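Enquirer: Questions regarding the structure given below will be posed in turn.
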Amino acid sequence: MTEAAEALTLPGGAAMPLVGFGTWQLRGERGYEAVRHALAVGYRHLDTATMYGNEAEVGRAVRDSGLDRSEVFITTKLLPGDAGRERQAINASLRALGTDYVDLWLIHSPPARQAGLASWREFLAVRGDGLARAVGVSNYRLDQLDLLTRETGQAPAVNQIPWSPARHDPATLAGHRERGVVLEGYSPLKGTRLDDRVLAGIARRHGVTPAQVVLRWHLEHRIPVIPKSGDRDRIATNFDLSGFVLDADEVARIDAL
């Protein structure tokens with residue numbers, strides 16, 4: 001099994017592949033074709049959200065891929081405006097995706113009031129009913145994670161936050177791991193200067209692209225990452241991370257960016 005296909009086991013047993021395919025802004029036929037291609041390349045982790053307006057395309061691509069539903073890890077997220085309507089929201093997402101469950105359901109962003117504690121209680125109930133194998137959050141601070149855990153006794157399985165070399169913060173990463181919460185990174189390339197001399201030099205050494213170096217860096221830290229692209233070649237390249245590894249010095253130089 002390649003590193004890109006390796007998975008972290010979440011509480012409850014759901015296995016989340018380390019490299020996922022992000023689908024933000026991929027809608028309609030373009031979104032459907034991008035997801036179909038990602039699955040053909042080898043991705044088995046798809047990240048969508050009610051806000052993205054593409055759950056139906058993601059679900060159709062999974063069905064048309066010929067893969068068994070159990071082979072694909074699907075994440076979706078609660079629309080911020082749907083706080084208070086959690087049960088209706090997950091049922092709508094399941095109908096759009098054409099599945100009986102999602103592997104991971106996230107609160108897309110913390111509501112202003114008590115970090116979404118009421119929503120979190122509903123998320124735990126949804127998980128208990130088998131509609132989501134694991135539940136978590138997105139865009140939360142450590143103190144907000146603590147509030148949810150303190151009040152319910154249940155920590156989020158995942159906190160999906162922006163992560164890239166420029167955003168690398170060892171204290172934040174350690175804080176998640178101390179709490180047993182998986183830090184999952186999004187926008188790994190958006191905030192990265194791919195022409196940076198450090199990244200370019202490491203890429204030349206390994207015969208890969210700077211983008212591949214950044215994604216490989218996430219894997220060296222065991223941080224799940226969800227690159228997004230609508231370009232067929234980039235979709236494939238972003239998944240092709242198993243032919244090289246970064247040594248400790250290279251990882252440290254990227255950390256310092």
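We label chains A, B, ... in the order they appear in the structure tokens, count residues from 1 in each chain, and number ligands from 1 in the order shown.
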List the neighbours of A:Trp105 out to 10 Å using only C-alpha atoms; skip same-chain residues closer than 6 positions along the sequence, and give me the result as an MDAnalysis selection string.
Expert: chainID A and resid 48:49 74:78 90 93 123 126:127 131:138 157:158
Enquirer: I'd like the contact shell of stretch 68-70 of chain A - 9 Å cut-off, only C-alpha atoms, skipping same-chain residues fewer than 5 positions apart - returned as a list of chain:residue names.
Expert: A:Val62, A:Arg63, A:Thr99
Enquirer: Convert the current residue selection to file output with C-alpha atoms, as a PDB file, in the first residue's frame.
Expert:
```pdb
ATOM      1  CA  VAL A  62     -18.808   7.156  -6.714  1.00  0.00           C
ATOM      2  CA  ARG A  63     -21.715   5.063  -8.016  1.00  0.00           C
ATOM      3  CA  THR A  99     -25.708   6.774   0.391  1.00  0.00           C
TER       4      THR A  99
END
```
Enquirer: Expressed in Å to a single decimal, how great is the separation between atom CA of A:Pro11 and atom CA of A:Asp103?
Expert: 11.3 Å
Enquirer: Out of A:Glu71, A:Glu151, A:Asp143, A:Asp196, which residue has the shortest atom-to-atom distance to A:His176 when counting only C-alpha atoms?
Expert: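 Closest candidate: A:Asp143.
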Enquirer: Please report, as an NGL selection string, each residue of stretch 49-247 of chain A to which DSSP assigns alpha helix (DSSP H) when run on this structure's backbone.
Expert: :A and (55-64 or 86-97 or 117-128 or 142-152 or 170-179 or 197-206 or 210-220 or 232-239)
